$ cat input_36.pdb   # PDB, C-alpha atoms, pLDDT in the B column
ATOM      1  CA  MET A   1       9.191 -20.011   5.430  1.00 82.00           C
ATOM      2  CA  GLN A   2      11.627 -17.124   4.928  1.00 84.00           C
ATOM      3  CA  ARG A   3      11.716 -17.773   1.158  1.00 88.00           C
ATOM      4  CA  LEU A   4       7.926 -17.631   0.935  1.00 90.00           C
ATOM      5  CA  VAL A   5       7.876 -14.326   2.844  1.00 88.00           C
ATOM      6  CA  TYR A   6      10.556 -12.977   0.491  1.00 89.00           C
ATOM      7  CA  PHE A   7       8.588 -14.125  -2.591  1.00 90.00           C
ATOM      8  CA  ILE A   8       5.384 -12.424  -1.398  1.00 91.00           C
ATOM      9  CA  ASP A   9       7.328  -9.270  -0.487  1.00 89.00           C
ATOM     10  CA  GLN A  10       8.842  -9.249  -3.986  1.00 88.00           C
ATOM     11  CA  LEU A  11       5.403  -9.657  -5.572  1.00 90.00           C
ATOM     12  CA  SER A  12       4.034  -6.754  -3.512  1.00 90.00           C
ATOM     13  CA  LYS A  13       7.065  -4.657  -4.442  1.00 91.00           C
ATOM     14  CA  THR A  14       6.691  -5.415  -8.157  1.00 91.00           C
ATOM     15  CA  VAL A  15       2.981  -4.553  -8.206  1.00 92.00           C
ATOM     16  CA  GLY A  16       3.533  -1.450  -6.074  1.00 91.00           C
ATOM     17  CA  HIS A  17       6.322  -0.182  -8.309  1.00 90.00           C
ATOM     18  CA  ALA A  18       4.298  -0.873 -11.464  1.00 92.00           C
ATOM     19  CA  PHE A  19       1.274   1.045 -10.207  1.00 92.00           C
ATOM     20  CA  ALA A  20       3.443   3.886  -8.889  1.00 90.00           C
ATOM     21  CA  TRP A  21       3.690   4.981 -12.537  1.00 92.00           C
ATOM     22  CA  CYS A  22       0.035   6.004 -12.232  1.00 90.00           C
ATOM     23  CA  ILE A  23       1.290   8.938 -10.154  1.00 91.00           C
ATOM     24  CA  VAL A  24       3.340  10.164 -13.126  1.00 92.00           C
ATOM     25  CA  ILE A  25       0.342   9.807 -15.447  1.00 91.00           C
ATOM     26  CA  LEU A  26      -1.853  11.567 -12.874  1.00 91.00           C
ATOM     27  CA  THR A  27       0.636  14.428 -12.552  1.00 92.00           C
ATOM     28  CA  PHE A  28       0.947  15.009 -16.299  1.00 92.00           C
ATOM     29  CA  GLY A  29      -2.793  14.656 -16.860  1.00 89.00           C
ATOM     30  CA  THR A  30      -3.605  17.134 -14.111  1.00 90.00           C
ATOM     31  CA  CYS A  31      -0.993  19.623 -15.345  1.00 92.00           C
ATOM     32  CA  TYR A  32      -2.394  19.330 -18.851  1.00 92.00           C
ATOM     33  CA  GLU A  33      -5.928  19.908 -17.575  1.00 91.00           C
ATOM     34  CA  VAL A  34      -4.888  22.975 -15.569  1.00 92.00           C
ATOM     35  CA  PHE A  35      -3.109  24.403 -18.626  1.00 93.00           C
ATOM     36  CA  VAL A  36      -5.969  23.893 -21.074  1.00 92.00           C
ATOM     37  CA  ARG A  37      -8.612  24.967 -18.547  1.00 91.00           C
ATOM     38  CA  TYR A  38      -7.023  28.185 -17.304  1.00 92.00           C
ATOM     39  CA  VAL A  39      -4.719  29.221 -20.141  1.00 91.00           C
ATOM     40  CA  LEU A  40      -6.674  28.068 -23.191  1.00 92.00           C
ATOM     41  CA  ASP A  41     -10.116  28.202 -21.552  1.00 89.00           C
ATOM     42  CA  ASN A  42     -10.899  24.806 -23.072  1.00 89.00           C
ATOM     43  CA  PRO A  43     -11.296  22.176 -20.296  1.00 87.00           C
ATOM     44  CA  THR A  44     -11.243  18.476 -21.107  1.00 84.00           C
ATOM     45  CA  SER A  45     -14.156  16.137 -20.533  1.00 82.00           C
ATOM     46  CA  TRP A  46     -11.969  13.308 -19.244  1.00 83.00           C
ATOM     47  CA  ALA A  47      -9.582  14.890 -16.698  1.00 83.00           C
ATOM     48  CA  PHE A  48     -11.714  14.347 -13.588  1.00 84.00           C
ATOM     49  CA  ASP A  49     -12.329  10.686 -14.461  1.00 85.00           C
ATOM     50  CA  MET A  50      -8.661  10.143 -15.286  1.00 86.00           C
ATOM     51  CA  SER A  51      -7.597  11.621 -11.948  1.00 87.00           C
ATOM     52  CA  TYR A  52      -9.791   9.425  -9.795  1.00 84.00           C
ATOM     53  CA  LEU A  53      -9.041   6.329 -11.892  1.00 88.00           C
ATOM     54  CA  MET A  54      -5.273   6.840 -11.507  1.00 90.00           C
ATOM     55  CA  TYR A  55      -5.503   7.698  -7.822  1.00 91.00           C
ATOM     56  CA  GLY A  56      -7.818   4.746  -7.204  1.00 90.00           C
ATOM     57  CA  ALA A  57      -5.422   2.391  -8.992  1.00 91.00           C
ATOM     58  CA  VAL A  58      -2.519   3.563  -6.832  1.00 92.00           C
ATOM     59  CA  PHE A  59      -4.623   3.291  -3.688  1.00 89.00           C
ATOM     60  CA  PHE A  60      -5.987  -0.196  -4.364  1.00 90.00           C
ATOM     61  CA  MET A  61      -2.871  -1.762  -5.828  1.00 91.00           C
ATOM     62  CA  GLY A  62      -0.330  -0.072  -3.547  1.00 91.00           C
ATOM     63  CA  GLY A  63      -1.789  -1.352  -0.272  1.00 91.00           C
ATOM     64  CA  ALA A  64       0.128  -4.631  -0.267  1.00 92.00           C
ATOM     65  CA  TYR A  65       3.378  -2.810  -1.028  1.00 91.00           C
ATOM     66  CA  THR A  66       2.773  -0.443   1.895  1.00 90.00           C
ATOM     67  CA  LEU A  67       1.989  -3.359   4.209  1.00 90.00           C
ATOM     68  CA  SER A  68       5.157  -5.168   3.101  1.00 89.00           C
ATOM     69  CA  ARG A  69       7.186  -2.125   4.194  1.00 87.00           C
ATOM     70  CA  GLY A  70       5.363  -1.736   7.527  1.00 81.00           C
ATOM     71  CA  GLY A  71       4.129   1.619   6.266  1.00 76.00           C
ATOM     72  CA  HIS A  72       0.479   1.619   7.335  1.00 77.00           C
ATOM     73  CA  VAL A  73      -0.506   3.899  10.208  1.00 77.00           C
ATOM     74  CA  ARG A  74      -0.111   2.297  13.605  1.00 75.00           C
ATOM     75  CA  ALA A  75      -0.693   3.617  17.115  1.00 74.00           C
ATOM     76  CA  ASP A  76       2.667   2.515  18.439  1.00 76.00           C
ATOM     77  CA  MET A  77       3.126   4.457  21.665  1.00 79.00           C
ATOM     78  CA  PHE A  78       3.261   1.162  23.603  1.00 84.00           C
ATOM     79  CA  TYR A  79       4.375  -1.070  20.746  1.00 82.00           C
ATOM     80  CA  ARG A  80       7.808   0.571  20.460  1.00 83.00           C
ATOM     81  CA  VAL A  81       8.864  -0.355  23.990  1.00 86.00           C
ATOM     82  CA  TRP A  82       7.815  -4.005  23.788  1.00 88.00           C
ATOM     83  CA  SER A  83      10.257  -6.788  23.004  1.00 91.00           C
ATOM     84  CA  ASP A  84      10.236  -8.167  19.469  1.00 90.00           C
ATOM     85  CA  ARG A  85       8.490 -11.370  20.627  1.00 94.00           C
ATOM     86  CA  THR A  86       5.736  -9.410  22.388  1.00 92.00           C
ATOM     87  CA  GLN A  87       5.269  -7.261  19.301  1.00 91.00           C
ATOM     88  CA  ALA A  88       4.983 -10.406  17.154  1.00 92.00           C
ATOM     89  CA  VAL A  89       2.441 -12.066  19.457  1.00 95.00           C
ATOM     90  CA  VAL A  90       0.245  -8.941  19.555  1.00 92.00           C
ATOM     91  CA  GLU A  91       0.497  -8.460  15.782  1.00 92.00           C
ATOM     92  CA  LEU A  92      -0.363 -12.111  15.165  1.00 95.00           C
ATOM     93  CA  LEU A  93      -3.483 -11.805  17.333  1.00 95.00           C
ATOM     94  CA  LEU A  94      -4.524  -8.586  15.594  1.00 93.00           C
ATOM     95  CA  TYR A  95      -4.060 -10.136  12.145  1.00 95.00           C
ATOM     96  CA  VAL A  96      -6.228 -13.114  13.080  1.00 95.00           C
ATOM     97  CA  LEU A  97      -8.924 -11.165  14.939  1.00 96.00           C
ATOM     98  CA  PHE A  98      -9.253  -8.040  12.781  1.00 95.00           C
ATOM     99  CA  PHE A  99      -7.158  -7.967   9.627  1.00 94.00           C
ATOM    100  CA  PHE A 100      -8.185 -11.209   7.933  1.00 96.00           C
ATOM    101  CA  PRO A 101     -11.931 -10.965   8.616  1.00 96.00           C
ATOM    102  CA  GLY A 102     -11.966  -7.385   7.310  1.00 95.00           C
ATOM    103  CA  ILE A 103      -9.796  -7.934   4.261  1.00 95.00           C
ATOM    104  CA  LEU A 104     -11.555 -11.170   3.275  1.00 95.00           C
ATOM    105  CA  ALA A 105     -14.901  -9.354   3.520  1.00 96.00           C
ATOM    106  CA  LEU A 106     -13.438  -6.716   1.186  1.00 94.00           C
ATOM    107  CA  VAL A 107     -12.336  -9.419  -1.279  1.00 95.00           C
ATOM    108  CA  VAL A 108     -15.801 -11.024  -1.318  1.00 95.00           C
ATOM    109  CA  ALA A 109     -17.776  -7.763  -1.469  1.00 95.00           C
ATOM    110  CA  GLY A 110     -15.327  -6.246  -3.938  1.00 94.00           C
ATOM    111  CA  TRP A 111     -15.606  -9.265  -6.208  1.00 96.00           C
ATOM    112  CA  GLY A 112     -19.383  -8.862  -6.463  1.00 94.00           C
ATOM    113  CA  TYR A 113     -19.064  -5.118  -6.955  1.00 92.00           C
ATOM    114  CA  GLY A 114     -16.321  -5.458  -9.585  1.00 93.00           C
ATOM    115  CA  THR A 115     -17.877  -8.291 -11.577  1.00 95.00           C
ATOM    116  CA  GLU A 116     -21.227  -6.502 -11.739  1.00 95.00           C
ATOM    117  CA  SER A 117     -19.464  -3.400 -13.036  1.00 93.00           C
ATOM    118  CA  LEU A 118     -17.619  -5.529 -15.609  1.00 94.00           C
ATOM    119  CA  ARG A 119     -20.831  -7.287 -16.653  1.00 95.00           C
ATOM    120  CA  ILE A 120     -22.568  -4.022 -17.503  1.00 94.00           C
ATOM    121  CA  ARG A 121     -19.356  -2.408 -18.845  1.00 92.00           C
ATOM    122  CA  GLU A 122     -19.887   0.512 -16.462  1.00 91.00           C
ATOM    123  CA  VAL A 123     -18.740   3.952 -17.555  1.00 89.00           C
ATOM    124  CA  SER A 124     -18.415   7.178 -15.621  1.00 85.00           C
ATOM    125  CA  VAL A 125     -21.487   9.353 -15.192  1.00 83.00           C
ATOM    126  CA  ASN A 126     -19.304  12.384 -14.432  1.00 79.00           C
ATOM    127  CA  SER A 127     -18.429  13.247 -18.015  1.00 75.00           C
ATOM    128  CA  PRO A 128     -19.795  12.892 -21.520  1.00 79.00           C
ATOM    129  CA  ALA A 129     -16.616  11.049 -22.549  1.00 78.00           C
ATOM    130  CA  GLY A 130     -17.973   7.764 -21.168  1.00 82.00           C
ATOM    131  CA  VAL A 131     -14.697   6.746 -19.513  1.00 85.00           C
ATOM    132  CA  PRO A 132     -14.849   3.061 -18.479  1.00 90.00           C
ATOM    133  CA  ILE A 133     -14.645   2.657 -14.716  1.00 89.00           C
ATOM    134  CA  TRP A 134     -15.144  -1.094 -14.474  1.00 92.00           C
ATOM    135  CA  PRO A 135     -11.346  -1.694 -14.521  1.00 91.00           C
ATOM    136  CA  LEU A 136     -11.008   0.393 -11.349  1.00 91.00           C
ATOM    137  CA  LYS A 137     -13.816  -1.506  -9.662  1.00 92.00           C
ATOM    138  CA  MET A 138     -12.176  -4.812 -10.607  1.00 94.00           C
ATOM    139  CA  MET A 139      -9.043  -3.586  -8.802  1.00 93.00           C
ATOM    140  CA  ILE A 140     -10.935  -3.680  -5.492  1.00 93.00           C
ATOM    141  CA  PRO A 141     -10.901  -7.479  -5.129  1.00 95.00           C
ATOM    142  CA  CYS A 142      -7.491  -7.746  -6.826  1.00 94.00           C
ATOM    143  CA  GLY A 143      -5.896  -5.222  -4.496  1.00 94.00           C
ATOM    144  CA  ALA A 144      -7.619  -6.727  -1.451  1.00 95.00           C
ATOM    145  CA  GLY A 145      -6.422 -10.180  -2.516  1.00 95.00           C
ATOM    146  CA  LEU A 146      -2.850  -8.899  -2.728  1.00 95.00           C
ATOM    147  CA  ILE A 147      -3.200  -7.298   0.707  1.00 95.00           C
ATOM    148  CA  ALA A 148      -4.534 -10.613   2.079  1.00 96.00           C
ATOM    149  CA  LEU A 149      -1.544 -12.424   0.552  1.00 95.00           C
ATOM    150  CA  GLN A 150       0.833  -9.876   2.067  1.00 95.00           C
ATOM    151  CA  GLY A 151      -1.031 -10.279   5.370  1.00 95.00           C
ATOM    152  CA  PHE A 152      -0.232 -13.997   5.202  1.00 96.00           C
ATOM    153  CA  ALA A 153       3.434 -13.078   4.739  1.00 94.00           C
ATOM    154  CA  GLU A 154       3.179 -10.791   7.775  1.00 94.00           C
ATOM    155  CA  VAL A 155       1.735 -13.662   9.830  1.00 95.00           C
ATOM    156  CA  LEU A 156       4.692 -15.815   8.748  1.00 94.00           C
ATOM    157  CA  ARG A 157       7.005 -12.933   9.695  1.00 94.00           C
ATOM    158  CA  CYS A 158       5.372 -12.883  13.163  1.00 94.00           C
ATOM    159  CA  ALA A 159       5.875 -16.642  13.506  1.00 94.00           C
ATOM    160  CA  LEU A 160       9.546 -16.291  12.552  1.00 93.00           C
ATOM    161  CA  CYS A 161       9.961 -13.505  15.113  1.00 92.00           C
ATOM    162  CA  ILE A 162       8.316 -15.556  17.860  1.00 94.00           C
ATOM    163  CA  ARG A 163      10.605 -18.478  16.996  1.00 93.00           C
ATOM    164  CA  ASP A 164      13.841 -16.499  16.618  1.00 92.00           C
ATOM    165  CA  GLY A 165      13.284 -13.600  19.016  1.00 89.00           C
ATOM    166  CA  ALA A 166      13.980 -10.968  16.330  1.00 89.00           C
ATOM    167  CA  TRP A 167      12.093  -9.612  13.347  1.00 87.00           C
ATOM    168  CA  PRO A 168      13.237 -10.974   9.979  1.00 88.00           C
ATOM    169  CA  ALA A 169      14.622  -8.375   7.600  1.00 84.00           C
ATOM    170  CA  ARG A 170      12.272  -6.560   5.238  1.00 82.00           C
ATOM    171  CA  LEU A 171      13.028  -5.559   1.683  1.00 79.00           C
ATOM    172  CA  HIS A 172      14.109  -1.940   1.527  1.00 74.00           C
ATOM    173  CA  ASP A 173      13.817   0.500  -1.302  1.00 71.00           C
ATOM    174  CA  VAL A 174      12.604   3.565   0.605  1.00 65.00           C
ATOM    175  CA  GLU A 175      12.729   4.569   4.255  1.00 64.00           C
ATOM    176  CA  GLU A 176      10.581   6.757   6.417  1.00 66.00           C
ATOM    177  CA  LEU A 177      12.205  10.056   7.342  1.00 71.00           C
ATOM    178  CA  GLU A 178      11.422   9.370  10.999  1.00 75.00           C
ATOM    179  CA  LYS A 179      13.572   6.235  10.907  1.00 74.00           C
ATOM    180  CA  GLN A 180      16.461   8.137   9.376  1.00 78.00           C
ATOM    181  CA  ILE A 181      16.170  10.870  12.026  1.00 83.00           C
ATOM    182  CA  LEU A 182      16.130   8.316  14.857  1.00 82.00           C
ATOM    183  CA  GLU A 183      19.158   6.492  13.425  1.00 83.00           C
ATOM    184  CA  GLU A 184      21.064   9.782  13.081  1.00 86.00           C
ATOM    185  CA  ALA A 185      20.217  10.714  16.692  1.00 86.00           C
ATOM    186  CA  GLU A 186      21.425   7.295  17.848  1.00 86.00           C
ATOM    187  CA  ARG A 187      24.692   7.710  15.927  1.00 87.00           C
ATOM    188  CA  LYS A 188      25.224  11.136  17.528  1.00 86.00           C
ATOM    189  CA  ARG A 189      24.576   9.725  21.010  1.00 85.00           C
ATOM    190  CA  ALA A 190      27.000   6.887  20.357  1.00 84.00           C
ATOM    191  CA  ALA A 191      29.655   9.320  19.065  1.00 82.00           C
ATOM    192  CA  GLU A 192      29.201  11.609  22.085  1.00 80.00           C
ATOM    193  CA  GLY A 193      29.475   8.635  24.427  1.00 74.00           C
ATOM    194  CA  ALA A 194      32.684   7.478  22.733  1.00 65.00           C
ATOM    195  CA  THR A 195      34.456  10.827  23.128  1.00 61.00           C
ATOM    196  CA  PRO A 196      36.122  11.389  26.537  1.00 59.00           C
TER     197      PRO A 196
END

$ encode --input "input_36.pdb" --output "structure tokens"
Amino acid sequence: MQRLVYFIDQLSKTVGHAFAWCIVILTFGTCYEVFVRYVLDNPTSWAFDMSYLMYGAVFFMGGAYTLSRGGHVRADMFYRVWSDRTQAVVELLLYVLFFFPGILALVVAGWGYGTESLRIREVSVNSPAGVPIWPLKMMIPCGAGLIALQGFAEVLRCALCIRDGAWPARLHDVEELEKQILEEAERKRAAEGATP
């Protein structure tokens, strides 16, 4: 079970890192547009479309990566004080009751939305450049499918925690600043307690 969780986490990481390059493209494209618009007084016809296509790609395809890192917003004022097993039981119930019905509805609805856009080879109505937007709409079911797969890995992670009494390790490539601050505060408390 642990190997399957690791495989899905790796897949989410790979896709997330690949689509993170859209941020670089978005940054350069926006800087270029600002330069030509305000310095050369010659705006492009494609910059707006490019910006929402790149941002949309990051948003849709980065969701599974964020879930694999436990990075989605959570109201955890009670959650933090619970034992690991209690956390796992509550998370498992929430995944079954809310997450999977919602994300599977997004896969099904997104598939119809994306395939219709592909069928008509939809282009943007926001500019005369005719930028194709069907690839972005096809990312809706793809991204939702990846989130559903990562959700399955999270359910397995909950099962492992219920069995073992502790959360299995996650892959780490970045950390939240809050976690670093809490760890530093804990180290300071431990150092102060060790000194006579």

$ atom_distance --input "input_36.pdb" --atom1 "CA of Ser127 in chain A" --atom2 "CA of Phe48 in chain A"
8.1 Å

$ atom_distance --input "input_36.pdb" --atom1 "CA of Met50 in chain A" --atom2 "CA of Val24 in chain A"
12.2 Å

$ residues_around --input "input_36.pdb" --residues "Trp111 in chain A" --least-positions-apart "5" --cutoff "12 Å" --atoms "all atoms listed in the file" --output "number ranges by chain"
A: 104-106, 116-119, 134, 136-145

$ resolve_selection --input "input_36.pdb" --expression "the PyMOL selection byres ((chain A and resi 171) around 12)" --output "list in words"
Val5, Tyr6, Phe7, Ile8, Asp9, Gln10, Leu11, Ser12, Lys13, Thr14, Tyr65, Thr66, Leu67, Ser68, Arg69, Gly70, Pro168, Ala169, Arg170, His172, Asp173, Val174 and Glu175 of chain A

$ residues_around --input "input_36.pdb" --residues "Val58 in chain A" --least-positions-apart "3" --cutoff "7 Å" --atoms "all atoms listed in the file" --output "list in words"
Phe19, Ala20, Cys22, Met54, Tyr55, Met61 and Gly62 of chain A

$ closest_residue --input "input_36.pdb" --among "A:Ile133, A:Met77, A:Val155, A:Leu177" --to "Asp49 in chain A" --atoms "all atoms listed in the file"
A:Ile133

$ atom_distance --input "input_36.pdb" --atom1 "CA of Ile181 in chain A" --atom2 "CA of Glu154 in chain A"
25.6 Å

$ residues_around --input "input_36.pdb" --residues "range 94-102 of chain A" --least-positions-apart "6" --cutoff "12 Å" --atoms "all atoms listed in the file" --output "ChimeraX atom specification"
/A:67,74,87-88,108-110,144-145,147-159

$ write_last_selection --input "input_36.pdb" --atoms "C-alpha atoms" --output "mmCIF file, in the frame of the given file"
data_model
loop_
_atom_site.group_PDB
_atom_site.id
_atom_site.type_symbol
_atom_site.label_atom_id
_atom_site.label_comp_id
_atom_site.auth_asym_id
_atom_site.auth_seq_id
_atom_site.Cartn_x
_atom_site.Cartn_y
_atom_site.Cartn_z
ATOM 1 C CA LEU A 67 1.989 -3.359 4.209
ATOM 2 C CA ARG A 74 -0.111 2.297 13.605
ATOM 3 C CA GLN A 87 5.269 -7.261 19.301
ATOM 4 C CA ALA A 88 4.983 -10.406 17.154
ATOM 5 C CA VAL A 108 -15.801 -11.024 -1.318
ATOM 6 C CA ALA A 109 -17.776 -7.763 -1.469
ATOM 7 C CA GLY A 110 -15.327 -6.246 -3.938
ATOM 8 C CA ALA A 144 -7.619 -6.727 -1.451
ATOM 9 C CA GLY A 145 -6.422 -10.180 -2.516
ATOM 10 C CA ILE A 147 -3.200 -7.298 0.707
ATOM 11 C CA ALA A 148 -4.534 -10.613 2.079
ATOM 12 C CA LEU A 149 -1.544 -12.424 0.552
ATOM 13 C CA GLN A 150 0.833 -9.876 2.067
ATOM 14 C CA GLY A 151 -1.031 -10.279 5.370
ATOM 15 C CA PHE A 152 -0.232 -13.997 5.202
ATOM 16 C CA ALA A 153 3.434 -13.078 4.739
ATOM 17 C CA GLU A 154 3.179 -10.791 7.775
ATOM 18 C CA VAL A 155 1.735 -13.662 9.830
ATOM 19 C CA LEU A 156 4.692 -15.815 8.748
ATOM 20 C CA ARG A 157 7.005 -12.933 9.695
ATOM 21 C CA CYS A 158 5.372 -12.883 13.163
ATOM 22 C CA ALA A 159 5.875 -16.642 13.506
#

$ closest_residue --input "input_36.pdb" --among "A:Met1, A:Leu93, A:Leu146, A:Ser124" --to "Phe60 in chain A" --atoms "all atoms listed in the file"
A:Leu146

$ axis_aligned_box --input "input_36.pdb" --around "range 144-159 of chain A" --padding-each-side "8 Å" --output "lines of an AutoDock Vina configuration file"
center_x = -0.3
center_y = -11.7
center_z = 5.4
size_x = 30.6
size_y = 25.9
size_z = 32.2
